[in-house]
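Down below is the structure, laid out as structure tokens.
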Amino acid sequence: MILPVSKRMAAVKPSPTGAVLALAAELRAAGRDIISLGAGEPDFDTPPHIQDAAIEAIRGGQTRYTPTDGTAELKTAIQAKFARENQLEYELSQIVVTSGAKQALFNLCLGLLGPGDEAIIPAPYWVSYPDMVRLAEADPIVIDTGIEQEFKITPDRLESAISDKTRLLILNSPSNPTGVSYTRAELEKLGAVLERHPDIVVLSDDIYEHIHWAEEPFTSFATACPALRGRTVTTNGVSKAYAMTGWRIGYAAGPQELITAMITIQSQSTTNPCSVSQAAAVAALNGDQTCVRDMTAAYKERHDYIVGALNQFDGIECRPGEGTFYAFARIEKLLNARGMASDVEFVELLLNKADLACVPGSAFGAPGHVRLSFACSMEMLEESVRRIKRALMA
């Protein structure tokens, strides 16, 4: 007997990055020496002062339910963070703490979108954006960008994609998977388009804000476009910058009515984020930020190495990024030269011939590309480059 599932599940796929991680783990368990460049996860340990705050919270009895939208201490730390780093002022009632930034994104899609609505998503995109929109029974409208456009949406392309059904624009800067970051001037130009369309909400996914090394400082969309702050939801979290992926703490700030809807959804799903993780996140946001700068410096060194190495291969072109810990390489010429049908076939070649796991660009809406995470040691990156050479010589 086959049990039925909901109709909406027909349009939703499991996370491709999760599938790569699961396959790599399975092959390792079978005895193969797999290097995985698929994970978007820092290889650093959570800094000691953050760990200590969690231990103190456990010993202090902070192991019970918290308010659905997060503890007052953490929301106050988030409020101070926005004011200090982004020049954005929010009331505590305009902030929600979530079980990872992914839950904040999902709650917004579910709270804002419905059947017949459209959400504009520039590609390459993070793998979960389109499926979150589909789970809200709305339609993702993908705008393709390319390396020639620096993987960025332009005002003209944005204007042409807007319809009377558009309810949401999703922007991720610095971007997973490309590493590109919008400048303040570029955000202002996009904002000028959106000012003519008052029904559109902007989701500004700032999760890689601190893993950023462009000459121009990071600018959040709401900071660049204050006139649109009343319809911008900014999401962020502690997972990437503080090496706290498993702690599952994200947050969002924005218009009261949308944040209230997100809190209501959360009250019927996870109830509240982990209490101990919230105490750790307070220490992360309020504490010494040297750890973030040190980790980002390491990512930049790795970035420079892997981008340079990839560009040495015939048929591979990799644009330098301004942040994150991903290299996103165009491999169309290589595929054509080797008679390969797709980027998936190339990824399979690396896995089968070189025990190297990465993610095909098609998972991010960009066929003919591949994403490699450099959230690993320099030694592992150097070995990965040797394995790519070996696979291409096979």
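Residues are named by chain letter and number: chains run A, B, ... in the order of the structure tokens, numbers start at 1 in each chain, and ligands are numbered from 1 in the order shown.
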Using only C-alpha atoms, which residues sit within 9 Å of Tyr251 of chain A once same-chain residues fewer than 3 positions away are excluded, as a short mmCIF file (atom, residue, chain, number, x, y, z; two decimals) with N, CA and C atoms, in the first residue's frame?
```
data_model
loop_
_atom_site.label_atom_id
_atom_site.label_comp_id
_atom_site.auth_asym_id
_atom_site.auth_seq_id
_atom_site.Cartn_x
_atom_site.Cartn_y
_atom_site.Cartn_z
N LYS A 75 16.78 39.03 22.08
CA LYS A 75 16.16 40.04 21.21
C LYS A 75 16.79 41.42 21.44
N ILE A 78 20.04 41.39 19.58
CA ILE A 78 19.79 41.54 18.14
C ILE A 78 19.44 42.99 17.81
N ILE A 95 11.08 41.98 16.11
CA ILE A 95 12.17 41.01 16.00
C ILE A 95 11.66 39.64 16.41
N VAL A 96 12.05 38.62 15.67
CA VAL A 96 11.73 37.24 16.04
C VAL A 96 13.00 36.41 15.95
N VAL A 97 13.20 35.54 16.93
CA VAL A 97 14.30 34.58 16.94
C VAL A 97 13.74 33.25 16.45
N THR A 98 14.51 32.56 15.61
CA THR A 98 14.01 31.34 14.98
C THR A 98 15.03 30.20 15.14
N SER A 99 14.58 29.00 14.83
CA SER A 99 15.46 27.83 14.88
C SER A 99 16.27 27.76 13.59
N GLY A 100 17.26 28.63 13.50
CA GLY A 100 18.05 28.78 12.29
C GLY A 100 17.45 29.83 11.38
N ALA A 101 18.30 30.46 10.57
CA ALA A 101 17.79 31.46 9.64
C ALA A 101 16.84 30.85 8.62
N GLN A 103 14.45 28.80 9.14
CA GLN A 103 13.08 28.87 9.64
C GLN A 103 12.51 30.27 9.48
N ALA A 104 13.34 31.29 9.65
CA ALA A 104 12.86 32.66 9.45
C ALA A 104 12.40 32.85 8.00
N THR A 234 14.56 41.63 7.13
CA THR A 234 15.97 41.28 7.11
C THR A 234 16.19 40.05 7.97
N THR A 235 16.77 39.02 7.38
CA THR A 235 17.06 37.80 8.13
C THR A 235 18.56 37.63 8.29
N ASN A 236 18.93 37.00 9.39
CA ASN A 236 20.34 36.78 9.68
C ASN A 236 20.42 35.65 10.70
N GLY A 237 21.60 35.39 11.23
CA GLY A 237 21.74 34.34 12.22
C GLY A 237 23.18 34.22 12.67
N VAL A 238 23.43 33.29 13.57
CA VAL A 238 24.77 33.11 14.11
C VAL A 238 25.50 31.91 13.52
#
```
Just want the 12 Å neighbourhood of Gln289 of chain A, counted on only C-alpha atoms, with same-chain residues fewer than 6 positions away dropped. Output as JSON, numbers by chain.
{"A": [47, 49, 50, 81, 210, 241, 242, 283, 295, 296]}
Written selection (N, CA and C atoms) as a tab-separated table (two decimals), in the first residue's frame:
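Contents of result-v4.tsv, as written:
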```
chain	number	residue	atom	x	y	z
A	47	PRO	N	33.56	29.38	19.04
A	47	PRO	CA	34.52	30.02	19.94
A	47	PRO	C	34.25	29.70	21.42
A	49	HIS	N	34.26	31.29	24.29
A	49	HIS	CA	33.42	32.12	25.16
A	49	HIS	C	31.94	31.89	24.88
A	50	ILE	N	31.62	31.46	23.68
A	50	ILE	CA	30.22	31.13	23.34
A	50	ILE	C	29.86	29.78	23.94
A	81	LYS	N	22.55	44.90	17.84
A	81	LYS	CA	23.36	44.56	16.67
A	81	LYS	C	22.90	45.34	15.44
A	210	HIS	N	28.98	38.98	7.75
A	210	HIS	CA	30.29	39.17	8.36
A	210	HIS	C	31.41	38.43	7.65
A	241	ALA	N	28.77	33.07	10.72
A	241	ALA	CA	29.81	33.96	11.21
A	241	ALA	C	30.48	33.44	12.48
A	242	TYR	N	29.73	32.73	13.33
A	242	TYR	CA	30.25	32.30	14.62
A	242	TYR	C	30.48	30.78	14.69
A	283	ALA	N	25.92	35.68	23.86
A	283	ALA	CA	27.37	35.84	24.02
A	283	ALA	C	28.04	36.10	22.67
A	295	MET	N	38.29	34.21	11.58
A	295	MET	CA	37.75	33.19	10.68
A	295	MET	C	37.58	33.74	9.27
A	296	THR	N	37.11	34.98	9.16
A	296	THR	CA	36.93	35.58	7.84
A	296	THR	C	38.26	35.75	7.12
```
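For segment 259-270 of chain A, the list of residues within 6 Å, based on only C-alpha atoms and with local chain neighbours fewer than 4 positions off taken out, reads Thr68, Asp69, Gln94, Asn107, Leu108 and Gly111 of chain A.
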Using C-alpha atoms, can you export the residues from the last selection as a short mmCIF file (atom, residue, chain, number, x, y, z; two decimals), in the first residue's frame?
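As written to disk, selection.cif reads:
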```
data_model
loop_
_atom_site.label_atom_id
_atom_site.label_comp_id
_atom_site.auth_asym_id
_atom_site.auth_seq_id
_atom_site.Cartn_x
_atom_site.Cartn_y
_atom_site.Cartn_z
CA THR A 68 7.98 31.84 21.13
CA ASP A 69 9.76 34.83 19.59
CA GLN A 94 9.59 43.75 15.36
CA ASN A 107 7.99 31.45 8.14
CA LEU A 108 8.05 34.61 6.04
CA GLY A 111 3.09 34.12 6.34
#
```
Exercise: Arg8 of chain A partners within 9 Å, only C-alpha atoms, chain neighbours under 3 positions left out, as a list of chain:residue names
A:Val5, A:Ala11, A:Val12, A:Arg134, A:Leu135, A:Ala136, A:Glu137
Write the residues you've just listed into a file as a PDB file, in the first residue's frame, and include N, CA and C atoms for each of them.
```
ATOM      1  N   VAL A   5       0.576  11.556  -0.219  1.00  0.00           N
ATOM      2  CA  VAL A   5       1.056  12.771   0.428  1.00  0.00           C
ATOM      3  C   VAL A   5       0.347  13.949  -0.227  1.00  0.00           C
ATOM      4  N   ALA A  11       5.785  19.282  -6.158  1.00  0.00           N
ATOM      5  CA  ALA A  11       6.625  20.350  -6.705  1.00  0.00           C
ATOM      6  C   ALA A  11       7.854  20.622  -5.860  1.00  0.00           C
ATOM      7  N   VAL A  12       8.035  19.867  -4.774  1.00  0.00           N
ATOM      8  CA  VAL A  12       9.111  20.150  -3.834  1.00  0.00           C
ATOM      9  C   VAL A  12      10.136  19.024  -3.852  1.00  0.00           C
ATOM     10  N   ARG A 134       7.241  27.467  -3.193  1.00  0.00           N
ATOM     11  CA  ARG A 134       6.262  26.469  -3.645  1.00  0.00           C
ATOM     12  C   ARG A 134       5.480  25.890  -2.470  1.00  0.00           C
ATOM     13  N   LEU A 135       6.151  25.665  -1.341  1.00  0.00           N
ATOM     14  CA  LEU A 135       5.450  25.151  -0.166  1.00  0.00           C
ATOM     15  C   LEU A 135       4.393  26.128   0.323  1.00  0.00           C
ATOM     16  N   ALA A 136       4.596  27.420   0.057  1.00  0.00           N
ATOM     17  CA  ALA A 136       3.578  28.425   0.378  1.00  0.00           C
ATOM     18  C   ALA A 136       2.518  28.519  -0.709  1.00  0.00           C
ATOM     19  N   GLU A 137       2.605  27.602  -1.699  1.00  0.00           N
ATOM     20  CA  GLU A 137       1.650  27.501  -2.808  1.00  0.00           C
ATOM     21  C   GLU A 137       1.689  28.729  -3.723  1.00  0.00           C
TER      22      GLU A 137
END
```
Ranking A:Ala222, A:Leu392, A:Tyr305, A:Ala341 by minimum distance to Gln87 of chain A and counting only C-alpha atoms, which one comes first?
A:Ala222
Residues of segment 74-303 of chain A in alpha helix (DSSP H), written as an NGL selection string:
:A and (74-86 or 101-112 or 128-135 or 155-161 or 184-194 or 221-224 or 256-267 or 275-286 or 290-303)
Fewer than 2 positions away in the same chain doesn't count, so skip those; otherwise give me all residues within 10 Å of Glu209 of chain A, counting only C-alpha atoms, as a CSV table (one decimal) with N, CA and C atoms, in the first residue's frame.
```
chain,number,residue,atom,x,y,z
A,172,ASN,N,20.0,37.9,-1.6
A,172,ASN,CA,21.0,37.3,-0.8
A,172,ASN,C,22.3,37.9,-1.1
A,173,SER,N,22.9,38.7,-0.1
A,173,SER,CA,24.2,39.3,-0.4
A,173,SER,C,24.9,39.4,0.9
A,174,PRO,N,26.2,38.9,1.0
A,174,PRO,CA,26.9,38.1,-0.1
A,174,PRO,C,26.1,36.8,-0.4
A,175,SER,N,26.3,36.4,-1.6
A,175,SER,CA,25.4,35.3,-2.1
A,175,SER,C,26.0,33.9,-2.0
A,181,SER,N,28.6,40.2,-3.8
A,181,SER,CA,28.0,41.1,-2.9
A,181,SER,C,27.5,42.4,-3.6
A,205,ASP,N,18.3,38.5,2.8
A,205,ASP,CA,19.0,37.4,3.5
A,205,ASP,C,20.5,37.8,3.7
A,206,ASP,N,20.8,38.2,4.9
A,206,ASP,CA,22.1,38.8,5.3
A,206,ASP,C,23.0,37.8,6.0
A,207,ILE,N,22.7,36.5,5.9
A,207,ILE,CA,23.4,35.5,6.7
A,207,ILE,C,24.9,35.5,6.6
A,211,ILE,N,31.1,37.5,6.8
A,211,ILE,CA,32.1,36.8,6.0
A,211,ILE,C,32.2,37.6,4.6
A,212,HIS,N,32.8,38.7,4.7
A,212,HIS,CA,32.8,39.7,3.6
A,212,HIS,C,34.1,40.5,3.6
A,213,TRP,N,34.7,40.6,2.4
A,213,TRP,CA,36.0,41.3,2.4
A,213,TRP,C,36.1,42.2,1.2
A,217,PRO,N,32.4,48.5,2.4
A,217,PRO,CA,31.7,47.7,3.5
A,217,PRO,C,30.4,47.2,3.1
A,218,PHE,N,30.0,46.1,3.8
A,218,PHE,CA,28.7,45.5,3.6
A,218,PHE,C,27.6,46.5,3.9
A,219,THR,N,26.6,46.5,3.1
A,219,THR,CA,25.4,47.3,3.3
A,219,THR,C,24.1,46.4,3.2
A,220,SER,N,23.3,46.5,4.2
A,220,SER,CA,22.0,45.7,4.2
A,220,SER,C,21.0,46.5,3.3
A,236,ASN,N,18.9,37.0,9.4
A,236,ASN,CA,20.3,36.8,9.7
A,236,ASN,C,20.4,35.7,10.7
A,237,GLY,N,21.6,35.4,11.2
A,237,GLY,CA,21.7,34.3,12.2
A,237,GLY,C,23.2,34.2,12.7
A,240,LYS,N,26.8,31.0,10.5
A,240,LYS,CA,28.0,31.1,9.6
A,240,LYS,C,29.1,31.9,10.3
A,241,ALA,N,28.8,33.1,10.7
A,241,ALA,CA,29.8,34.0,11.2
A,241,ALA,C,30.5,33.4,12.5
A,323,GLY,N,32.7,37.6,-0.6
A,323,GLY,CA,32.3,37.0,0.7
A,323,GLY,C,31.9,35.6,0.6
A,324,THR,N,31.3,35.0,1.7
A,324,THR,CA,30.9,33.7,1.9
A,324,THR,C,32.1,32.7,1.9
```
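In this model, the gap between atom CA of Arg390 of chain A and atom CA of Gly315 of chain A comes to 15.5 Å.
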Who sits within 9 Å of Lys353 of chain A, only C-alpha atoms, same chain under 2 positions skipped, as a PyMOL selection string
chain A and resi 348-351+355-356+387-388+390-392+394
Based on the selection just made, write N, CA, C and O atoms of those residues as a PDB file, in the first residue's frame.
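Writing the result to out-v6.pdb gives the following:
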```
ATOM      1  N   GLU A 348      29.673  13.833 -10.865  1.00  0.00           N
ATOM      2  CA  GLU A 348      29.797  12.379 -10.734  1.00  0.00           C
ATOM      3  C   GLU A 348      31.200  11.906 -11.092  1.00  0.00           C
ATOM      4  O   GLU A 348      31.739  10.991 -10.458  1.00  0.00           O
ATOM      5  N   LEU A 349      31.826  12.535 -12.091  1.00  0.00           N
ATOM      6  CA  LEU A 349      33.200  12.205 -12.451  1.00  0.00           C
ATOM      7  C   LEU A 349      34.141  12.460 -11.281  1.00  0.00           C
ATOM      8  O   LEU A 349      34.987  11.612 -10.948  1.00  0.00           O
ATOM      9  N   LEU A 350      33.999  13.626 -10.648  1.00  0.00           N
ATOM     10  CA  LEU A 350      34.864  13.955  -9.511  1.00  0.00           C
ATOM     11  C   LEU A 350      34.666  12.965  -8.367  1.00  0.00           C
ATOM     12  O   LEU A 350      35.630  12.571  -7.699  1.00  0.00           O
ATOM     13  N   LEU A 351      33.438  12.564  -8.145  1.00  0.00           N
ATOM     14  CA  LEU A 351      33.161  11.644  -7.045  1.00  0.00           C
ATOM     15  C   LEU A 351      33.702  10.245  -7.350  1.00  0.00           C
ATOM     16  O   LEU A 351      34.333   9.612  -6.503  1.00  0.00           O
ATOM     17  N   ASP A 355      37.173  10.808  -5.662  1.00  0.00           N
ATOM     18  CA  ASP A 355      36.648  10.816  -4.284  1.00  0.00           C
ATOM     19  C   ASP A 355      36.470  12.237  -3.764  1.00  0.00           C
ATOM     20  O   ASP A 355      36.774  12.549  -2.610  1.00  0.00           O
ATOM     21  N   LEU A 356      35.950  13.110  -4.624  1.00  0.00           N
ATOM     22  CA  LEU A 356      35.740  14.516  -4.279  1.00  0.00           C
ATOM     23  C   LEU A 356      34.271  14.859  -4.502  1.00  0.00           C
ATOM     24  O   LEU A 356      33.741  14.676  -5.600  1.00  0.00           O
ATOM     25  N   ARG A 387      43.178  16.326  -6.776  1.00  0.00           N
ATOM     26  CA  ARG A 387      42.206  15.300  -7.188  1.00  0.00           C
ATOM     27  C   ARG A 387      41.449  15.726  -8.446  1.00  0.00           C
ATOM     28  O   ARG A 387      41.121  14.896  -9.285  1.00  0.00           O
ATOM     29  N   ILE A 388      41.150  17.012  -8.572  1.00  0.00           N
ATOM     30  CA  ILE A 388      40.502  17.492  -9.799  1.00  0.00           C
ATOM     31  C   ILE A 388      41.415  17.243 -10.998  1.00  0.00           C
ATOM     32  O   ILE A 388      40.968  16.759 -12.056  1.00  0.00           O
ATOM     33  N   ARG A 390      43.666  14.967 -11.272  1.00  0.00           N
ATOM     34  CA  ARG A 390      43.694  13.536 -11.504  1.00  0.00           C
ATOM     35  C   ARG A 390      42.436  13.068 -12.238  1.00  0.00           C
ATOM     36  O   ARG A 390      42.506  12.243 -13.167  1.00  0.00           O
ATOM     37  N   ALA A 391      41.289  13.608 -11.842  1.00  0.00           N
ATOM     38  CA  ALA A 391      40.038  13.200 -12.483  1.00  0.00           C
ATOM     39  C   ALA A 391      39.993  13.641 -13.944  1.00  0.00           C
ATOM     40  O   ALA A 391      39.513  12.896 -14.821  1.00  0.00           O
ATOM     41  N   LEU A 392      40.517  14.827 -14.227  1.00  0.00           N
ATOM     42  CA  LEU A 392      40.477  15.335 -15.604  1.00  0.00           C
ATOM     43  C   LEU A 392      41.494  14.643 -16.492  1.00  0.00           C
ATOM     44  O   LEU A 392      41.384  14.697 -17.721  1.00  0.00           O
ATOM     45  N   ALA A 394      42.014  11.377 -16.159  1.00  0.00           N
ATOM     46  CA  ALA A 394      41.612   9.966 -16.238  1.00  0.00           C
ATOM     47  C   ALA A 394      40.980   9.632 -17.589  1.00  0.00           C
ATOM     48  O   ALA A 394      40.360  10.482 -18.213  1.00  0.00           O
TER      49      ALA A 394
END
```
Polymer residues at most 8 Å from segment 307-312 of chain A, only C-alpha atoms, same-chain spacing of 4 or more positions, as a PyMOL selection string
chain A and resi 303+316-320+327+329+385
Output N, CA and C atoms for every residue in the selection just made, as a CSV table (one decimal), in the first residue's frame.
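To be explicit, this is the file written out as selection_12.csv:
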```csv
chain,number,residue,atom,x,y,z
A,303,HIS,N,39.9,31.4,-0.2
A,303,HIS,CA,39.2,31.9,-1.4
A,303,HIS,C,40.2,32.3,-2.5
A,316,ILE,N,37.5,26.1,-17.3
A,316,ILE,CA,36.9,26.5,-16.0
A,316,ILE,C,37.2,28.0,-15.8
A,317,GLU,N,36.1,28.7,-15.4
A,317,GLU,CA,36.2,30.1,-15.2
A,317,GLU,C,35.5,30.4,-13.8
A,318,CYS,N,36.2,31.0,-12.9
A,318,CYS,CA,35.7,31.3,-11.6
A,318,CYS,C,35.9,32.8,-11.2
A,319,ARG,N,34.7,33.4,-11.0
A,319,ARG,CA,34.8,34.9,-10.7
A,319,ARG,C,35.1,35.0,-9.2
A,320,PRO,N,36.1,35.8,-8.8
A,320,PRO,CA,36.3,36.1,-7.4
A,320,PRO,C,35.1,36.6,-6.7
A,327,ALA,N,33.2,28.9,-3.8
A,327,ALA,CA,33.7,29.3,-5.2
A,327,ALA,C,32.6,28.7,-6.2
A,329,ALA,N,32.1,28.1,-10.0
A,329,ALA,CA,32.9,28.1,-11.3
A,329,ALA,C,32.0,27.7,-12.5
A,385,VAL,N,42.4,20.1,-5.2
A,385,VAL,CA,42.9,20.6,-6.5
A,385,VAL,C,43.7,19.4,-7.2
```
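Remark: for Val180 of chain A, the closest of the candidate residues A:Gly146, A:Gly246, A:Gly38, A:Pro367 is A:Gly146 (distances computed over only C-alpha atoms).
Remark: for Phe313 of chain A, the closest of the candidate residues A:Ser163, A:Glu85, A:Arg386, A:Trp126 is A:Arg386 (distances computed over only C-alpha atoms).
Interatomic distance, atom CA of Val359 of chain A against atom CA of Leu381 of chain A: 15.4 Å.
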Taken to one decimal, the atom CA of Phe221 of chain A-atom CA of Glu188 of chain A distance is 8.1 Å
Hey, which of A:Val127, A:Met1, A:Met9, A:Ala337 ends up closest to Asp314 of chain A? Count only C-alpha atoms.
A:Ala337
Would you mind writing down, as a VMD selection string, each residue of segment 139-271 of chain A that DSSP on the backbone assigns to strand (DSSP E)?
chain A and resid 139 to 144 166 to 172 201 to 205 232 to 237 250 to 253
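The closest residue to Thr66 of chain A, picked from A:Asn352, A:Asn272, A:Ser239, A:Thr290 and counting only C-alpha atoms, is A:Asn272.
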